[in-house]
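Contents: one structure, followed by commentary.
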Amino acid sequence: MSLWNAIAVGLKEIWAHKFRSLLTMLGIILGVSSLVAMNALVQGMENGARESLVAVGGLAKVRVEAQPVPVEQRHMRDLAVGLTMNDVHALRNSAPEAVKISPEMRMDGMNPTLAANGKTYRTFMTSGVWPIQAELMEHKIGHGRMFTEFDDEQARNVVVIGTGIRDELFGKPEDTGEPVIPLGRTMTINGYPFTIIGMFEHYESEQDRKARELREQEQRTRQAAGVTNSASGPQRSRGYGGGGRRGGFAFWIKNNTVYMPLNTMWMKMKSGQTNISAIPTLNNIEIRVADPDRINEALTQIRNVLMITHRGIEDFSFRTQEDWADQISTFISAARISGGLIAGISLLVGGIGIMNIMLASISERIREIGIRKAVGAEDIEVFIQILIESTVIAVIGGLVGLATSFGLIQLIRAVTPTDNAPVVTLGSMGLAFAASVTIGVLAGLIPAFRASRMNVIQALRYD
Amino acid sequence: MALLQLRSVSKIYHLGGEEIRALDDVTLDIGTGEFVSIIGPSGSGKSTLMHILGCLDTPSHGTVTLDGIPVQQATARELAHVRNRKIGFVFQFFNLLPKLNVVQNVELPMIYAGIGGRERRRRAEHALDLVEMGHRLKNRPSQLSGGQQQRVAIARALVNDPKIIFADEPTGNLDTHTGEVILSLFRRLSEEGRTIIIVTHNPEIAAVTPRRIEIRNGKIAERVDERLAGLDRAAAQSQSGPAPSSA
Ligand SMILES: Nc1ncnc2c1ncn2[C@@H]1O[C@H](COP(=O)(O)OP(=O)(O)O)[C@@H](O)[C@H]1O
Ligand SMILES: [Mg+2]
């Protein structure tokens, strides 16, 4: 009997018991669709997490942070100088693995108050940095320019802001319906006036970008149709991160950047403070290493340099994105495993269902098997026929499951909105399909073996 | 060499420690083109003999040779092959597959012979024409009368052009008239030169066949019981068609 004949017989059997076959396939359908859907959701999460990781500088970025003097070095506390510009110069001269270095000095106090355009906004961080910081933090200028080394030397009162600050002080372009670019406008920081000379691009996750483009598209078509913007009622703030936060915390923070030249921060904002030292003291130093794969060597080198400038006192620490990357990996694999487990159980149940129905099927068809053998079917042909029948059930279930998975993804998204669009991968579809075929074959083995071993005479007598 | 040779064949069943000799030391030759009936009372071993002759079963002792092939030592796979190519079966209960239509049922042995779809269809239709069922190709077995089903079964037995056709009580489930029609069909096939072996306990059927083998308690009877074999009447009837019904 040819393969095609066996498949045709299998399809005929399934068609003859439509409802029973559908019930049998349900387990496989659920298993396959949950496998694909889970994978897609996890993949979406992973993509989102990695996107955020890149947005804050990627794995090549190291932050040196000031740190209290460790307990065992307490007696040398008076010698500890903290992070200073001396460290920056030393690193530039002696640590070739640190290819890009930017000092960062933050505004004192908790929340600097920004004011412009008749509005005020208490932001959480305002930093004085070198121009190269923009590059280190993966910033892109959207309008105007980044300040230059010349601006820094002159300690000019200039700032570059993120779109989050723009939104708070000058309004969102979504609300006004036209671009809001506050270049040349004056903004005060804790009362000191600054000129806005540049604005970064709006940062958002892939997911948010798509959603926003869709909204804009709809708005355009509505406007084209003559419908006025019908958003009604007073404007309201939805608090920190409302709306903008959805696309991921990392993007929200990045959009709330306020950068001024380091010297401006040092000379204009910190002068006259009582505890000030002669050497500018920093909050942290951002560094990009030459090669993220050799980050350990780079850290050793940086540490060696800093131990000299700090006279052996380890009042600094490194913060890399490795931990974050590891956390992402751990979380993602945990999510994969639990999703896989659910799908696996479903597939297993589906397989048991198929085996059950095949056992029922062969005991209903004992006489048929006897007849087939009497007219010349070999045992192996009967075996293969039953195996193919169970595989055909599983394959149909698998295909339906693949189709269903897209619906399942929509369902899960409707019930639990996530930040990240699920990503259906071909690999997961292939895996799920292969799993369903394998289960069909395995589930058919015992029934097929039984059918093939039936005694032809007894089978012919049976009724 | 005869087409079928049995030498000292026994078939022993064990039922709860008891030994049942369904066939006991049977030696028998059947030649090509013979038209033979195997007769005997119920439980005498006729079916068992047919199963062994038809390669559905292997003997406990003794040798069976079919068309030169030593069957008693063949594997299940070889037996399936012999059944497929050299043997056609007709059963008391027709044994058609209810889910297949008439022509598909007749095609079944050719599927296992690996014959292509078009050739299969052509030969199945030809075989159905021979049994005058060529006009019911698409019917399901359940839509046919018993006699029609048996004719389809005969077409299926013929379709691989086998050396021997076995029929186990082929009229046992039919009314007298239909049984006569089926029997005359076998006679015609025999006249065309086919080897046919009919198992029956009905003397009137046995009367039609030129050769009768009587089984009693698993052994071949020395002398055929004339009354049981219907010979007394067969002498008068054999010229003028099948034996009339006694029902
Ligand atoms: N599978 C079996 N197991 C045990 N005994 C059997 C089996 N098949 C047949 N027999 C016994 O063998 C004897 C011959 O049976 P069978 O060939 O069917 O007789 P017949 O066809 O002449 O009626 C009977 O006594 C029957 O009970
Ligand atoms: Mg019998």
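Naming scheme: A, B, ... for chains in displayed order of the structure tokens; residues 1 onward per chain; ligands 1 onward as shown.
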
Could you give me, as CSV, every stretch 364-429 of chain A residue with an atom at most 10 Å from stretch 48-67 of chain B, plus its closest atom pair and distance in Å to one decimal, counting only C-alpha atoms, rows ordered by chain then number?
```
residue,atom,partner,partner_atom,distance
A:Lys373,CA,B:Leu56,CA,8.8
A:Ala374,CA,B:Leu56,CA,6.9
A:Val375,CA,B:Leu56,CA,9.9
A:Gly376,CA,B:Leu56,CA,9.9
```

Kindly export the residues of the current selection with all heavy atoms, as a PDB file, in the first residue's frame.
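What landed in result-v3.pdb:
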```pdb
ATOM      1  N   LYS A 373      -5.892  -8.095   5.888  1.00  0.00           N
ATOM      2  CA  LYS A 373      -4.828  -9.096   5.957  1.00  0.00           C
ATOM      3  C   LYS A 373      -5.148 -10.286   5.055  1.00  0.00           C
ATOM      4  O   LYS A 373      -4.258 -10.828   4.394  1.00  0.00           O
ATOM      5  CB  LYS A 373      -4.651  -9.569   7.395  1.00  0.00           C
ATOM      6  CG  LYS A 373      -3.957  -8.545   8.276  1.00  0.00           C
ATOM      7  CD  LYS A 373      -3.605  -9.163   9.615  1.00  0.00           C
ATOM      8  CE  LYS A 373      -2.678  -8.233  10.370  1.00  0.00           C
ATOM      9  NZ  LYS A 373      -2.149  -8.877  11.576  1.00  0.00           N
ATOM     10  N   ALA A 374      -6.425 -10.708   5.015  1.00  0.00           N
ATOM     11  CA  ALA A 374      -6.795 -11.858   4.194  1.00  0.00           C
ATOM     12  C   ALA A 374      -6.516 -11.591   2.721  1.00  0.00           C
ATOM     13  O   ALA A 374      -6.102 -12.489   1.992  1.00  0.00           O
ATOM     14  CB  ALA A 374      -8.267 -12.190   4.398  1.00  0.00           C
ATOM     15  N   VAL A 375      -6.723 -10.360   2.273  1.00  0.00           N
ATOM     16  CA  VAL A 375      -6.477 -10.078   0.851  1.00  0.00           C
ATOM     17  C   VAL A 375      -5.026  -9.679   0.606  1.00  0.00           C
ATOM     18  O   VAL A 375      -4.675  -9.295  -0.506  1.00  0.00           O
ATOM     19  CB  VAL A 375      -7.421  -8.999   0.280  1.00  0.00           C
ATOM     20  CG1 VAL A 375      -8.871  -9.407   0.452  1.00  0.00           C
ATOM     21  CG2 VAL A 375      -7.154  -7.642   0.905  1.00  0.00           C
ATOM     22  N   GLY A 376      -4.177  -9.766   1.625  1.00  0.00           N
ATOM     23  CA  GLY A 376      -2.756  -9.639   1.344  1.00  0.00           C
ATOM     24  C   GLY A 376      -2.016  -8.517   2.035  1.00  0.00           C
ATOM     25  O   GLY A 376      -0.843  -8.295   1.746  1.00  0.00           O
TER      26      GLY A 376
END
```

Dump the neighbourhood of ligand 1 as a list in words: all residues within 6 Å, distances computed on only C-alpha atoms and all ligand atoms.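 I would give the residues around ligand 1 as Tyr13, Leu15, Ala22, Ser42, Gly43, Ser44, Gly45, Lys46, Ser47 and Thr48 of chain B.
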
Next, write the just-selected residues to a file, as a PDB file, in the first residue's frame, keeping N, CA and C atoms as the atom set.
```pdb
ATOM      1  N   TYR B  13      -5.220 -27.349  18.665  1.00  0.00           N
ATOM      2  CA  TYR B  13      -5.501 -26.198  19.537  1.00  0.00           C
ATOM      3  C   TYR B  13      -5.446 -26.648  20.978  1.00  0.00           C
ATOM      4  N   LEU B  15      -6.972 -25.822  24.528  1.00  0.00           N
ATOM      5  CA  LEU B  15      -7.996 -25.029  25.214  1.00  0.00           C
ATOM      6  C   LEU B  15      -8.043 -25.454  26.666  1.00  0.00           C
ATOM      7  N   ALA B  22      -8.013 -30.214  15.561  1.00  0.00           N
ATOM      8  CA  ALA B  22      -8.938 -29.711  14.540  1.00  0.00           C
ATOM      9  C   ALA B  22      -8.647 -30.380  13.204  1.00  0.00           C
ATOM     10  N   SER B  42     -20.713 -29.752  10.961  1.00  0.00           N
ATOM     11  CA  SER B  42     -20.179 -28.573  11.632  1.00  0.00           C
ATOM     12  C   SER B  42     -19.184 -28.987  12.710  1.00  0.00           C
ATOM     13  N   GLY B  43     -18.101 -28.283  12.798  1.00  0.00           N
ATOM     14  CA  GLY B  43     -17.080 -28.580  13.804  1.00  0.00           C
ATOM     15  C   GLY B  43     -16.135 -29.686  13.409  1.00  0.00           C
ATOM     16  N   SER B  44     -16.248 -30.193  12.175  1.00  0.00           N
ATOM     17  CA  SER B  44     -15.403 -31.314  11.764  1.00  0.00           C
ATOM     18  C   SER B  44     -13.995 -30.871  11.364  1.00  0.00           C
ATOM     19  N   GLY B  45     -13.800 -29.600  11.080  1.00  0.00           N
ATOM     20  CA  GLY B  45     -12.453 -29.123  10.716  1.00  0.00           C
ATOM     21  C   GLY B  45     -12.357 -28.575   9.318  1.00  0.00           C
ATOM     22  N   LYS B  46     -13.490 -28.349   8.664  1.00  0.00           N
ATOM     23  CA  LYS B  46     -13.465 -27.851   7.278  1.00  0.00           C
ATOM     24  C   LYS B  46     -12.794 -26.480   7.190  1.00  0.00           C
ATOM     25  N   SER B  47     -13.232 -25.564   8.074  1.00  0.00           N
ATOM     26  CA  SER B  47     -12.684 -24.210   8.021  1.00  0.00           C
ATOM     27  C   SER B  47     -11.195 -24.216   8.334  1.00  0.00           C
ATOM     28  N   THR B  48     -10.837 -25.033   9.326  1.00  0.00           N
ATOM     29  CA  THR B  48      -9.426 -25.122   9.679  1.00  0.00           C
ATOM     30  C   THR B  48      -8.607 -25.576   8.471  1.00  0.00           C
TER      31      THR B  48
END
```

Proximity to A:Ser2 - best of A:Gln385, A:Asn283, A:Asn455, A:Thr126, only C-alpha atoms: A:Gln385

Taking only C-alpha atoms into account, which residues of chain A are within 12 Å of chain B, as a ChimeraX atom specification? /A:1-6,8-9,12-13,15-17,365-382,385,452-463

Stretch 108-114 of chain A surroundings by only C-alpha atoms, 9 Å radius, close-in-sequence under 5 positions cut, as JSON, numbers by chain: {"A": [119, 120, 121, 122, 123, 124, 125, 126, 165, 169, 187, 188, 189, 190, 191, 269, 270]}
